[in-house]
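Coordinates from upload10.txt are shown below (compact mmCIF, C-alpha atoms).
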```txt
# COMPACT_ATOMS: atom_id res chain seq x y z
CA MET A 1 98.35 136.58 74.11
CA THR A 2 98.32 136.43 77.91
CA SER A 3 101.75 135.67 79.39
CA VAL A 4 101.61 133.63 82.59
CA LEU A 5 104.40 132.73 84.99
CA VAL A 6 103.67 129.53 86.92
CA THR A 7 105.70 128.61 90.00
CA PHE A 8 105.73 125.62 92.37
CA GLY A 9 108.22 123.54 94.33
CA ALA A 10 109.42 119.93 94.07
CA TYR A 11 109.24 116.99 96.49
CA PRO A 12 111.88 114.24 96.76
CA GLY A 13 111.25 111.19 94.60
CA THR A 14 108.51 111.18 91.98
CA HIS A 15 106.19 114.10 91.22
CA SER A 16 103.66 114.79 93.96
CA GLY A 17 99.99 115.36 93.16
CA ALA A 18 100.48 119.11 93.63
CA GLU A 19 103.45 119.14 91.24
CA ARG A 20 101.51 117.21 88.63
CA MET A 21 98.63 119.64 89.05
CA GLY A 22 101.02 122.52 88.34
CA TRP A 23 102.54 120.86 85.29
CA ARG A 24 99.26 119.74 83.74
CA THR A 25 97.50 123.05 84.34
CA ALA A 26 100.40 124.86 82.68
CA GLU A 27 100.43 122.44 79.76
CA HIS A 28 96.71 122.82 79.07
CA LEU A 29 96.74 126.59 79.56
CA ALA A 30 99.42 126.72 76.85
CA ARG A 31 97.03 124.81 74.60
CA HIS A 32 94.39 127.42 75.43
CA GLY A 33 96.65 130.09 73.97
CA CYS A 34 98.52 131.37 77.04
CA ASP A 35 102.25 132.10 76.79
CA LEU A 36 103.47 129.89 79.65
CA THR A 37 106.72 129.92 81.59
CA VAL A 38 107.21 127.59 84.56
CA VAL A 39 109.66 128.49 87.34
CA THR A 40 110.42 125.41 89.46
CA ASP A 41 112.98 122.91 90.74
CA SER A 42 110.59 120.09 89.76
CA PRO A 43 111.80 117.77 86.97
CA PRO A 44 110.12 118.79 83.69
CA ALA A 45 106.83 117.04 82.95
CA ALA A 46 105.26 119.20 80.23
CA ASP A 47 106.27 120.78 76.96
CA VAL A 48 106.42 124.38 78.19
CA ARG A 49 109.24 126.86 78.78
CA VAL A 50 110.96 126.12 82.11
CA LEU A 51 113.24 128.33 84.21
CA PRO A 52 115.11 127.20 87.36
CA ALA A 53 113.65 127.97 90.78
CA GLY A 54 114.45 131.51 91.83
CA SER A 55 114.44 132.80 88.25
CA HIS A 56 111.97 135.31 86.97
CA ALA A 57 110.53 136.68 83.75
CA PRO A 58 108.03 139.46 82.96
CA ALA A 59 104.42 138.28 82.77
CA ASP A 60 100.84 139.55 82.69
CA LEU A 61 99.96 137.30 85.64
CA VAL A 62 101.71 135.02 88.15
CA HIS A 63 100.12 131.74 89.27
CA ALA A 64 101.67 129.86 92.23
CA PHE A 65 100.79 126.33 93.28
CA ASP A 66 101.03 124.40 96.55
CA LEU A 67 101.33 125.88 100.02
CA GLY A 68 103.06 122.66 101.02
CA LYS A 69 106.07 124.41 99.43
CA PRO A 70 105.54 128.00 100.59
CA ALA A 71 108.91 129.36 99.40
CA ALA A 72 107.90 128.84 95.76
CA VAL A 73 104.54 130.52 96.41
CA GLU A 74 106.20 133.47 98.15
CA HIS A 75 108.59 133.80 95.21
CA GLY A 76 105.59 133.98 92.90
CA ARG A 77 103.91 136.64 95.04
CA ARG A 78 107.04 138.78 95.00
CA LEU A 79 107.30 138.48 91.22
CA ALA A 80 103.68 139.59 90.86
CA GLN A 81 104.40 142.53 93.13
CA ARG A 82 107.58 143.40 91.20
CA TYR A 83 105.74 143.52 87.87
CA GLY A 84 102.51 144.99 89.23
CA VAL A 85 100.40 142.09 87.90
CA PRO A 86 97.68 139.88 89.42
CA PHE A 87 98.70 137.02 91.71
CA ALA A 88 96.78 133.73 91.45
CA LEU A 89 97.15 130.87 93.94
CA THR A 90 96.16 127.22 94.01
CA PRO A 91 96.85 126.03 97.61
CA ALA A 92 96.66 122.35 96.44
CA THR A 93 97.65 120.93 99.87
CA ASP A 94 95.45 120.75 102.97
CA SER A 95 96.20 123.58 105.40
CA SER A 96 96.70 121.15 108.30
CA VAL A 97 100.02 120.06 106.76
CA TRP A 98 101.30 123.44 105.57
CA PRO A 99 104.80 123.98 107.03
CA ASP A 100 103.99 127.68 107.59
CA PRO A 101 100.27 127.99 108.41
CA ALA A 102 100.36 131.71 109.24
CA GLY A 103 102.33 132.47 106.09
CA GLY A 104 99.95 130.32 104.05
CA ASP A 105 96.94 132.18 105.41
CA ARG A 106 98.59 135.49 104.50
CA LEU A 107 99.38 134.37 100.96
CA CYS A 108 95.78 133.23 100.47
CA ARG A 109 94.50 136.64 101.57
CA GLN A 110 96.99 138.43 99.31
CA ALA A 111 96.02 136.49 96.19
CA ASP A 112 93.77 138.17 93.63
CA VAL A 113 92.18 134.79 92.94
CA VAL A 114 92.41 131.51 94.87
CA PHE A 115 91.57 128.28 93.04
CA SER A 116 89.86 125.71 95.27
CA ILE A 117 88.88 122.13 94.54
CA THR A 118 86.10 121.40 97.06
CA GLY A 119 83.41 123.20 99.01
CA SER A 120 85.17 122.21 102.21
CA GLU A 121 88.27 124.04 100.99
CA ASP A 122 86.11 127.07 100.15
CA LYS A 123 84.85 127.26 103.72
CA ALA A 124 88.36 126.91 105.12
CA LEU A 125 89.60 129.73 102.88
CA VAL A 126 86.77 132.04 103.93
CA GLY A 127 87.64 131.20 107.53
CA LYS A 128 91.18 132.43 106.85
CA GLY A 129 89.84 135.78 105.70
CA VAL A 130 89.76 135.20 101.95
CA ASP A 131 87.06 137.20 100.15
CA PRO A 132 84.54 134.62 98.78
CA GLY A 133 84.41 136.64 95.55
CA ARG A 134 88.06 135.79 94.94
CA ILE A 135 87.57 132.00 95.22
CA VAL A 136 87.11 130.01 92.00
CA ARG A 137 86.29 126.30 92.12
CA ILE A 138 88.06 123.98 89.69
CA PRO A 139 87.86 120.18 89.22
CA MET A 140 90.62 117.62 89.65
CA ALA A 141 91.71 115.40 86.74
CA PRO A 142 93.65 112.17 86.14
CA ASP A 143 97.25 112.29 84.96
CA LEU A 144 97.78 109.01 83.11
CA THR A 145 99.04 108.40 79.58
CA GLY A 146 99.50 105.41 77.33
CA THR A 147 97.76 102.04 77.22
CA PRO A 148 97.72 100.13 80.51
CA ASP A 149 98.86 96.51 80.71
CA PRO A 150 97.40 95.05 83.92
CA ALA A 151 98.25 91.48 82.93
CA ALA A 152 101.93 92.38 82.60
CA PHE A 153 101.94 93.95 86.06
CA ARG A 154 100.32 90.89 87.65
CA ARG A 155 102.64 88.54 85.79
CA THR A 156 105.78 90.52 86.69
CA TYR A 157 104.93 90.65 90.40
CA GLY A 158 103.28 87.25 90.67
CA VAL A 159 99.87 88.60 91.69
CA ASN A 160 97.16 85.94 91.42
CA GLY A 161 94.65 87.12 94.01
CA PRO A 162 92.90 90.38 94.91
CA LEU A 163 95.18 93.44 94.69
CA VAL A 164 94.89 96.49 96.97
CA LEU A 165 96.98 99.46 95.82
CA PHE A 166 98.33 102.47 97.74
CA VAL A 167 99.85 105.32 95.72
CA GLY A 168 101.27 108.31 97.56
CA ARG A 169 104.15 109.76 99.50
CA ARG A 170 104.87 107.81 102.68
CA VAL A 171 104.10 110.45 105.25
CA ALA A 172 101.96 109.93 108.33
CA PHE A 173 98.89 111.84 107.16
CA LYS A 174 98.59 109.71 104.00
CA GLY A 175 97.79 106.70 106.23
CA TYR A 176 100.27 104.19 104.84
CA ARG A 177 101.12 102.89 108.33
CA ARG A 178 97.42 102.33 109.11
CA LEU A 179 97.07 100.38 105.89
CA LEU A 180 100.11 98.26 106.76
CA GLU A 181 98.52 97.53 110.13
CA SER A 182 95.25 96.52 108.46
CA MET A 183 96.85 93.80 106.31
CA PRO A 184 96.79 90.93 108.88
CA LEU A 185 93.10 91.64 109.52
CA VAL A 186 92.30 91.40 105.81
CA TRP A 187 94.39 88.25 105.46
CA ARG A 188 92.28 86.52 108.11
CA ALA A 189 89.29 86.82 105.78
CA VAL A 190 90.99 86.74 102.36
CA PRO A 191 94.50 85.24 102.77
CA GLU A 192 95.44 85.59 99.10
CA THR A 193 95.07 89.39 99.04
CA VAL A 194 98.16 91.25 97.83
CA PHE A 195 98.98 94.79 98.98
CA ALA A 196 101.13 96.99 96.73
CA PHE A 197 102.57 100.34 97.85
CA ALA A 198 103.95 102.87 95.36
CA GLY A 199 105.57 106.09 96.53
CA ALA A 200 108.63 107.64 98.07
CA ASN A 201 109.72 107.10 101.68
CA ALA A 202 109.15 110.71 102.75
CA GLU A 203 109.53 110.44 106.53
CA PRO A 204 112.02 108.80 108.92
CA GLY A 205 111.18 105.21 109.67
CA ALA A 206 109.11 104.60 106.54
CA ALA A 207 111.50 101.99 105.13
CA ALA A 208 111.71 100.23 108.50
CA ALA A 209 107.91 100.07 108.70
CA PHE A 210 107.89 97.96 105.53
CA GLU A 211 110.80 95.81 106.64
CA ARG A 212 108.93 94.89 109.83
CA ARG A 213 105.90 93.79 107.77
CA ALA A 214 107.87 91.77 105.20
CA ASP A 215 105.59 89.19 103.55
CA ARG A 216 105.31 87.70 100.06
CA ARG A 217 101.87 89.35 99.83
CA LEU A 218 103.34 92.81 100.41
CA LEU A 219 104.84 94.55 97.36
CA ASP A 220 107.01 97.55 98.17
CA LEU A 221 107.26 99.16 94.74
CA GLY A 222 108.95 102.34 95.98
CA VAL A 223 109.15 105.23 93.54
CA VAL A 224 107.64 104.10 90.23
CA HIS A 225 107.71 105.47 86.71
CA GLU A 226 104.41 106.74 85.34
CA HIS A 227 103.84 103.72 83.10
CA LEU A 228 104.27 101.33 86.04
CA LYS A 229 101.87 103.35 88.18
CA ARG A 230 99.36 103.26 85.32
CA ASP A 231 99.70 99.46 85.00
CA ALA A 232 99.43 99.01 88.79
CA ILE A 233 96.17 101.00 88.92
CA ALA A 234 94.79 99.00 86.01
CA ALA A 235 95.79 95.72 87.69
CA ALA A 236 94.36 96.60 91.12
CA ASP A 237 90.94 95.64 92.37
CA LEU A 238 90.74 98.87 94.33
CA LEU A 239 92.78 101.83 95.49
CA CYS A 240 93.19 102.58 99.20
CA LEU A 241 94.54 105.91 100.47
CA PRO A 242 93.43 106.24 104.11
CA SER A 243 94.48 109.88 104.42
CA SER A 244 93.67 112.00 107.45
CA ALA A 245 94.54 115.26 105.62
CA ASP A 246 94.05 115.90 101.90
CA VAL A 247 92.15 118.06 99.42
CA PHE A 248 91.49 115.87 96.35
CA PRO A 249 94.20 113.28 95.63
CA VAL A 250 94.96 113.09 91.90
CA VAL A 251 95.21 109.31 92.22
CA PHE A 252 91.49 109.12 93.05
CA ALA A 253 90.68 110.62 89.64
CA GLU A 254 93.18 108.21 88.09
CA ALA A 255 91.59 105.18 89.75
CA TRP A 256 88.12 106.25 88.61
CA SER A 257 89.40 106.82 85.07
CA MET A 258 90.20 103.07 85.07
CA ALA A 259 86.90 102.07 86.70
CA LYS A 260 88.45 101.28 90.09
CA PRO A 261 86.69 102.12 93.37
CA VAL A 262 88.59 103.91 96.12
CA VAL A 263 88.74 103.56 99.89
CA SER A 264 89.56 106.93 101.43
CA GLY A 265 90.31 108.19 104.90
CA ASP A 266 87.69 110.50 106.38
CA PHE A 267 89.66 113.74 106.01
CA PRO A 268 87.74 117.06 106.04
CA GLY A 269 85.86 117.23 102.74
CA ALA A 270 86.43 113.55 101.88
CA ARG A 271 82.72 112.84 101.43
CA GLU A 272 82.54 115.60 98.87
CA VAL A 273 85.44 114.05 96.96
CA VAL A 274 84.37 110.41 97.29
CA ARG A 275 80.66 109.68 96.99
CA HIS A 276 80.43 107.20 99.87
CA THR A 277 78.97 103.84 98.74
CA VAL A 278 78.66 105.18 95.16
CA ASP A 279 82.21 105.33 93.75
CA GLY A 280 84.08 104.35 96.90
CA LEU A 281 84.04 104.19 100.68
CA VAL A 282 85.07 106.84 103.20
CA VAL A 283 86.30 105.36 106.48
CA GLN A 284 87.96 106.38 109.70
CA PRO A 285 91.73 105.87 109.25
CA ARG A 286 91.94 103.03 111.80
CA PRO A 287 93.33 99.59 110.90
CA ASP A 288 90.20 97.68 111.92
CA VAL A 289 87.86 100.00 110.01
CA ILE A 290 90.10 100.05 106.95
CA ALA A 291 90.33 96.24 106.99
CA ALA A 292 86.55 95.88 107.22
CA ALA A 293 86.02 98.17 104.22
CA LEU A 294 88.67 96.40 102.15
CA THR A 295 87.29 92.97 103.00
CA GLU A 296 83.78 94.13 102.13
CA LEU A 297 84.80 95.21 98.63
CA ILE A 298 87.27 92.39 97.97
CA THR A 299 84.60 89.79 98.68
CA ASP A 300 81.81 91.52 96.72
CA SER A 301 82.92 91.77 93.10
CA ALA A 302 79.54 92.98 91.86
CA ARG A 303 79.52 95.94 94.25
CA ARG A 304 83.17 96.68 93.57
CA THR A 305 82.55 96.71 89.82
CA ALA A 306 79.47 98.92 90.16
CA MET A 307 81.42 101.47 92.21
CA GLY A 308 84.24 101.47 89.70
CA LEU A 309 81.85 102.11 86.82
CA GLU A 310 80.24 104.99 88.73
CA GLY A 311 83.70 106.46 89.19
CA LEU A 312 84.45 106.03 85.49
CA ARG A 313 81.25 107.81 84.48
CA ARG A 314 82.10 110.65 86.83
CA ALA A 315 85.65 110.92 85.49
CA GLU A 316 84.42 111.05 81.91
CA ARG A 317 81.76 113.65 82.76
CA GLU A 318 83.59 115.99 85.15
CA LEU A 319 87.29 115.33 85.60
CA SER A 320 89.56 116.59 82.82
CA TRP A 321 92.50 118.97 82.46
CA THR A 322 90.61 120.73 79.67
CA ALA A 323 87.89 121.59 82.19
CA VAL A 324 90.54 122.78 84.67
CA ALA A 325 92.26 124.98 82.09
CA THR A 326 88.95 126.42 80.86
CA ARG A 327 87.96 127.62 84.33
CA VAL A 328 91.44 128.89 85.17
CA SER A 329 91.73 130.74 81.86
CA ALA A 330 88.32 132.37 82.38
CA ALA A 331 89.43 133.58 85.82
CA TYR A 332 92.64 134.99 84.31
CA HIS A 333 90.70 136.97 81.71
CA LYS A 334 88.33 138.32 84.36
CA LEU A 335 91.29 139.53 86.43
CA LEU A 336 93.07 141.10 83.49
CA ARG A 337 89.93 142.92 82.34
```
Would you write the structure of this file as structure tokens?
Amino acid sequence: MTSVLVTFGAYPGTHSGAERMGWRTAEHLARHGCDLTVVTDSPPAADVRVLPAGSHAPADLVHAFDLGKPAAVEHGRRLAQRYGVPFALTPATDSSVWPDPAGGDRLCRQADVVFSITGSEDKALVGKGVDPGRIVRIPMAPDLTGTPDPAAFRRTYGVNGPLVLFVGRRVAFKGYRRLLESMPLVWRAVPETVFAFAGANAEPGAAAAFERRADRRLLDLGVVHEHLKRDAIAAADLLCLPSSADVFPVVFAEAWSMAKPVVSGDFPGAREVVRHTVDGLVVQPRPDVIAAALTELITDSARRTAMGLEGLRRAERELSWTAVATRVSAAYHKLLR
């Protein structure tokens, strides 16, 4: 049995997409027969052996996630070096928001295998000096459990009209401020539209930005439990994450798994993630452009439904943690041979 040490760091508030990617990959690799140990300061989210951040244990291979938290990745690299075993890396976060870009580039070059999610990420990695033969593409997958109750969400929060949902950390590059600024423009066309924001205030001034926009049609959900996020996605008419920097947000896969279209910012690689006009829209992260896209979908239920169904078909066909674990496990075995 292959023993694997997985390491990644935590973000304040609820689990980030990168954290959830680390937990779910570990969980499904364990189901594939790997002996998994996770080293992290992230709150447990899978039934695998967990050690505190900074700990170590012998392994056949070390797999680090998320260059948005480079200390955890560097710890993983040092453990691989200590035990003389392969070092695998999933960058997970777009390089434009890495806190240590030079260090991130170095870690990518040092990895024996780098797991990418899009072709755009592949090109960026090659541009950093990563050998193309060491890059392995994997899919993204939704991370939702249980049976959704959209009616309960709408009843609890008094939502009677169209619902636009944002799910993500409140940092500038996720575009939450641009979405807040787009609300009055949408309300001119569809006054009954409700905007719900779920996620942690992860930058100074985030809470004040919501206070300035206080309105009965603005729901500031803050950090939500997984079941509430699930119900919110199910209750929404569409998901909007107007990011300017991302790789493949997990919440896109989650929205598609519930037949919801997405409106995405035009970050590098976005049109590979979102099939523009097929399962969502890709727009410039400007309030007027965002508002136009939202209004277009809110007022055209047939088109909105068709996009959501295309997303659902794609999620069922391509986006699963089993598919992720299968490709990762195959790369492990190739390295260890």
message: So, with only C-alpha atoms as the atoms that count, which of A:Val263, A:Val167, A:Ala172, A:Ile298 lies closest to Glu226 in chain A?
response: A:Val167
- prompt: Looking at A:Glu192, A:Asp41, A:Glu203, A:Asp231, which one is nearest to Ala72 in chain A, with distances taken over all atoms listed in the file?
  reply: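 Closest to Ala72 in chain A, using all atoms listed in the file: A:Asp41.
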- prompt: From the list A:Val73, A:Leu180, A:Val247, A:Leu67, which residue is nearest Ala214 in chain A when using only C-alpha atoms?
  reply: A:Leu180
task: Pull the neighbourhood of (100.7, 133.2, 87.4) for me: all residues within 12 Å in file coordinates, counting all atoms listed in the file, as a PyMOL selection string.
output: chain A and resi 2-8+22+25-26+29+34-39+56-65+72-73+75-81+83+85-90+111-115+328-329+331-332+335-336
Could the residues in this selection be saved with C-alpha atoms as an mmCIF file, keeping the file's coordinate frame?
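Writing done, so here's part01.cif:
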```cif
data_model
loop_
_atom_site.group_PDB
_atom_site.id
_atom_site.type_symbol
_atom_site.label_atom_id
_atom_site.label_comp_id
_atom_site.auth_asym_id
_atom_site.auth_seq_id
_atom_site.Cartn_x
_atom_site.Cartn_y
_atom_site.Cartn_z
ATOM 1 C CA THR A 2 98.320 136.430 77.910
ATOM 2 C CA SER A 3 101.750 135.670 79.390
ATOM 3 C CA VAL A 4 101.610 133.630 82.590
ATOM 4 C CA LEU A 5 104.400 132.730 84.990
ATOM 5 C CA VAL A 6 103.670 129.530 86.920
ATOM 6 C CA THR A 7 105.700 128.610 90.000
ATOM 7 C CA PHE A 8 105.730 125.620 92.370
ATOM 8 C CA GLY A 22 101.020 122.520 88.340
ATOM 9 C CA THR A 25 97.500 123.050 84.340
ATOM 10 C CA ALA A 26 100.400 124.860 82.680
ATOM 11 C CA LEU A 29 96.740 126.590 79.560
ATOM 12 C CA CYS A 34 98.520 131.370 77.040
ATOM 13 C CA ASP A 35 102.250 132.100 76.790
ATOM 14 C CA LEU A 36 103.470 129.890 79.650
ATOM 15 C CA THR A 37 106.720 129.920 81.590
ATOM 16 C CA VAL A 38 107.210 127.590 84.560
ATOM 17 C CA VAL A 39 109.660 128.490 87.340
ATOM 18 C CA HIS A 56 111.970 135.310 86.970
ATOM 19 C CA ALA A 57 110.530 136.680 83.750
ATOM 20 C CA PRO A 58 108.030 139.460 82.960
ATOM 21 C CA ALA A 59 104.420 138.280 82.770
ATOM 22 C CA ASP A 60 100.840 139.550 82.690
ATOM 23 C CA LEU A 61 99.960 137.300 85.640
ATOM 24 C CA VAL A 62 101.710 135.020 88.150
ATOM 25 C CA HIS A 63 100.120 131.740 89.270
ATOM 26 C CA ALA A 64 101.670 129.860 92.230
ATOM 27 C CA PHE A 65 100.790 126.330 93.280
ATOM 28 C CA ALA A 72 107.900 128.840 95.760
ATOM 29 C CA VAL A 73 104.540 130.520 96.410
ATOM 30 C CA HIS A 75 108.590 133.800 95.210
ATOM 31 C CA GLY A 76 105.590 133.980 92.900
ATOM 32 C CA ARG A 77 103.910 136.640 95.040
ATOM 33 C CA ARG A 78 107.040 138.780 95.000
ATOM 34 C CA LEU A 79 107.300 138.480 91.220
ATOM 35 C CA ALA A 80 103.680 139.590 90.860
ATOM 36 C CA GLN A 81 104.400 142.530 93.130
ATOM 37 C CA TYR A 83 105.740 143.520 87.870
ATOM 38 C CA VAL A 85 100.400 142.090 87.900
ATOM 39 C CA PRO A 86 97.680 139.880 89.420
ATOM 40 C CA PHE A 87 98.700 137.020 91.710
ATOM 41 C CA ALA A 88 96.780 133.730 91.450
ATOM 42 C CA LEU A 89 97.150 130.870 93.940
ATOM 43 C CA THR A 90 96.160 127.220 94.010
ATOM 44 C CA ALA A 111 96.020 136.490 96.190
ATOM 45 C CA ASP A 112 93.770 138.170 93.630
ATOM 46 C CA VAL A 113 92.180 134.790 92.940
ATOM 47 C CA VAL A 114 92.410 131.510 94.870
ATOM 48 C CA PHE A 115 91.570 128.280 93.040
ATOM 49 C CA VAL A 328 91.440 128.890 85.170
ATOM 50 C CA SER A 329 91.730 130.740 81.860
ATOM 51 C CA ALA A 331 89.430 133.580 85.820
ATOM 52 C CA TYR A 332 92.640 134.990 84.310
ATOM 53 C CA LEU A 335 91.290 139.530 86.430
ATOM 54 C CA LEU A 336 93.070 141.100 83.490
#
```
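Between CA of Ala46 in chain A and CA of Arg170 in chain A lies a distance of 25.2 Å.
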query: Looking at only C-alpha atoms, which of A:Leu228, A:Pro191, A:Arg177, A:Asp100 is the one that sits closest to Ala207 in chain A?
result: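 Going through A:Leu228, A:Pro191, A:Arg177, A:Asp100 one by one, the smallest distance to Ala207 in chain A is for A:Arg177.
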- prompt: Using only C-alpha atoms, which residue out of A:Glu254, A:Leu144, A:Met307, A:Ala291 lies closest to Val190 in chain A?
  reply: A:Ala291
- request: Measure the distance from CA of Trp321 in chain A to CA of Pro139 in chain A in Å and round it to one decimal.
  value: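 CA of Pro139 in chain A lies 8.3 Å from CA of Trp321 in chain A.
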message: From (107.1, 108.7, 109.3), in the file's coordinates, out to 12 Å: which residues are reached, counting all atoms listed in the file? Answer as a list of chain:residue names.
response: A:Arg169, A:Arg170, A:Val171, A:Ala172, A:Phe173, A:Lys174, A:Gly175, A:Tyr176, A:Arg177, A:Arg178, A:Ala200, A:Asn201, A:Ala202, A:Glu203, A:Pro204, A:Gly205, A:Ala206, A:Ala207, A:Ala208, A:Ala209, A:Phe210
- prompt: Pick from A:Met140, A:Gly265, A:Trp187, A:Pro12: nearest to Glu318 in chain A, with only C-alpha atoms counted?
  reply: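 Closest to Glu318 in chain A, using only C-alpha atoms: A:Met140.
Residue neighbourhood of Gly127 in chain A, excluding near-sequence residues (fewer than 3 positions): Ser95, Asp105, Cys108, Arg109, Ser120, Glu121, Asp122, Lys123, Ala124, Val130, Asp131 and Pro132 of chain A, at 12 Å, using only C-alpha atoms.
The space separating CA of Pro91 in chain A from CA of Pro268 in chain A comes to 15.3 Å.
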message: Env of range 292-295 of chain A: 12 Å cut, atoms = all atoms listed in the file, seq-sep filter 5 positions within chain, self excluded. Answer as an MDAnalysis selection string.
response: chainID A and resid 162:165 179 182:195 237:242 261:265 276:277 280:287 300:301 304
Where atoms are lacking, range 168-184 of chain A completed to N, CA, C and O atoms, as a PDB file, in the coordinates of the input:
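So the final result, stored in selection_23.pdb, reads:
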```pdb
ATOM      1  N   GLY A 168     101.115 107.033  96.880  1.00  0.00           N
ATOM      2  CA  GLY A 168     101.270 108.310  97.560  1.00  0.00           C
ATOM      3  C   GLY A 168     102.596 108.385  98.294  1.00  0.00           C
ATOM      4  O   GLY A 168     103.278 107.370  98.493  1.00  0.00           O
ATOM      5  N   ARG A 169     102.945 109.597  98.694  1.00  0.00           N
ATOM      6  CA  ARG A 169     104.150 109.760  99.500  1.00  0.00           C
ATOM      7  C   ARG A 169     103.930 109.104 100.861  1.00  0.00           C
ATOM      8  O   ARG A 169     102.830 109.153 101.427  1.00  0.00           O
ATOM      9  N   ARG A 170     104.986 108.501 101.392  1.00  0.00           N
ATOM     10  CA  ARG A 170     104.870 107.810 102.680  1.00  0.00           C
ATOM     11  C   ARG A 170     105.154 108.788 103.805  1.00  0.00           C
ATOM     12  O   ARG A 170     106.250 108.891 104.326  1.00  0.00           O
ATOM     13  N   VAL A 171     104.107 109.535 104.121  1.00  0.00           N
ATOM     14  CA  VAL A 171     104.100 110.450 105.250  1.00  0.00           C
ATOM     15  C   VAL A 171     102.892 110.076 106.104  1.00  0.00           C
ATOM     16  O   VAL A 171     101.918 109.492 105.614  1.00  0.00           O
ATOM     17  N   ALA A 172     102.951 110.420 107.382  1.00  0.00           N
ATOM     18  CA  ALA A 172     101.960 109.930 108.330  1.00  0.00           C
ATOM     19  C   ALA A 172     100.532 110.233 107.907  1.00  0.00           C
ATOM     20  O   ALA A 172      99.639 109.366 107.987  1.00  0.00           O
ATOM     21  N   PHE A 173     100.273 111.466 107.424  1.00  0.00           N
ATOM     22  CA  PHE A 173      98.890 111.840 107.160  1.00  0.00           C
ATOM     23  C   PHE A 173      98.289 111.112 105.950  1.00  0.00           C
ATOM     24  O   PHE A 173      97.073 111.096 105.775  1.00  0.00           O
ATOM     25  N   LYS A 174      99.127 110.487 105.127  1.00  0.00           N
ATOM     26  CA  LYS A 174      98.590 109.710 104.000  1.00  0.00           C
ATOM     27  C   LYS A 174      98.074 108.338 104.440  1.00  0.00           C
ATOM     28  O   LYS A 174      97.408 107.644 103.666  1.00  0.00           O
ATOM     29  N   GLY A 175      98.386 107.917 105.674  1.00  0.00           N
ATOM     30  CA  GLY A 175      97.790 106.700 106.230  1.00  0.00           C
ATOM     31  C   GLY A 175      98.431 105.393 105.818  1.00  0.00           C
ATOM     32  O   GLY A 175      97.844 104.325 106.021  1.00  0.00           O
ATOM     33  N   TYR A 176      99.663 105.440 105.291  1.00  0.00           N
ATOM     34  CA  TYR A 176     100.270 104.190 104.840  1.00  0.00           C
ATOM     35  C   TYR A 176     100.529 103.227 105.998  1.00  0.00           C
ATOM     36  O   TYR A 176     100.422 101.999 105.846  1.00  0.00           O
ATOM     37  N   ARG A 177     100.862 103.769 107.175  1.00  0.00           N
ATOM     38  CA  ARG A 177     101.120 102.890 108.330  1.00  0.00           C
ATOM     39  C   ARG A 177      99.834 102.204 108.769  1.00  0.00           C
ATOM     40  O   ARG A 177      99.836 101.022 109.156  1.00  0.00           O
ATOM     41  N   ARG A 178      98.706 102.932 108.734  1.00  0.00           N
ATOM     42  CA  ARG A 178      97.420 102.330 109.110  1.00  0.00           C
ATOM     43  C   ARG A 178      97.055 101.216 108.134  1.00  0.00           C
ATOM     44  O   ARG A 178      96.501 100.193 108.539  1.00  0.00           O
ATOM     45  N   LEU A 179      97.370 101.426 106.865  1.00  0.00           N
ATOM     46  CA  LEU A 179      97.070 100.380 105.890  1.00  0.00           C
ATOM     47  C   LEU A 179      97.956  99.161 106.117  1.00  0.00           C
ATOM     48  O   LEU A 179      97.477  98.016 106.031  1.00  0.00           O
ATOM     49  N   LEU A 180      99.235  99.383 106.417  1.00  0.00           N
ATOM     50  CA  LEU A 180     100.110  98.260 106.760  1.00  0.00           C
ATOM     51  C   LEU A 180      99.554  97.467 107.936  1.00  0.00           C
ATOM     52  O   LEU A 180      99.569  96.220 107.944  1.00  0.00           O
ATOM     53  N   GLU A 181      99.055  98.185 108.939  1.00  0.00           N
ATOM     54  CA  GLU A 181      98.520  97.530 110.130  1.00  0.00           C
ATOM     55  C   GLU A 181      97.222  96.792 109.857  1.00  0.00           C
ATOM     56  O   GLU A 181      96.848  95.868 110.599  1.00  0.00           O
ATOM     57  N   SER A 182      96.527  97.176 108.784  1.00  0.00           N
ATOM     58  CA  SER A 182      95.250  96.520 108.460  1.00  0.00           C
ATOM     59  C   SER A 182      95.445  95.197 107.717  1.00  0.00           C
ATOM     60  O   SER A 182      94.534  94.372 107.661  1.00  0.00           O
ATOM     61  N   MET A 183      96.632  94.972 107.156  1.00  0.00           N
ATOM     62  CA  MET A 183      96.850  93.800 106.310  1.00  0.00           C
ATOM     63  C   MET A 183      96.551  92.475 107.014  1.00  0.00           C
ATOM     64  O   MET A 183      95.821  91.635 106.455  1.00  0.00           O
ATOM     65  N   PRO A 184      97.079  92.220 108.231  1.00  0.00           N
ATOM     66  CA  PRO A 184      96.790  90.930 108.880  1.00  0.00           C
ATOM     67  C   PRO A 184      95.297  90.694 109.089  1.00  0.00           C
ATOM     68  O   PRO A 184      94.830  89.546 109.043  1.00  0.00           O
TER      69      PRO A 184
END
```
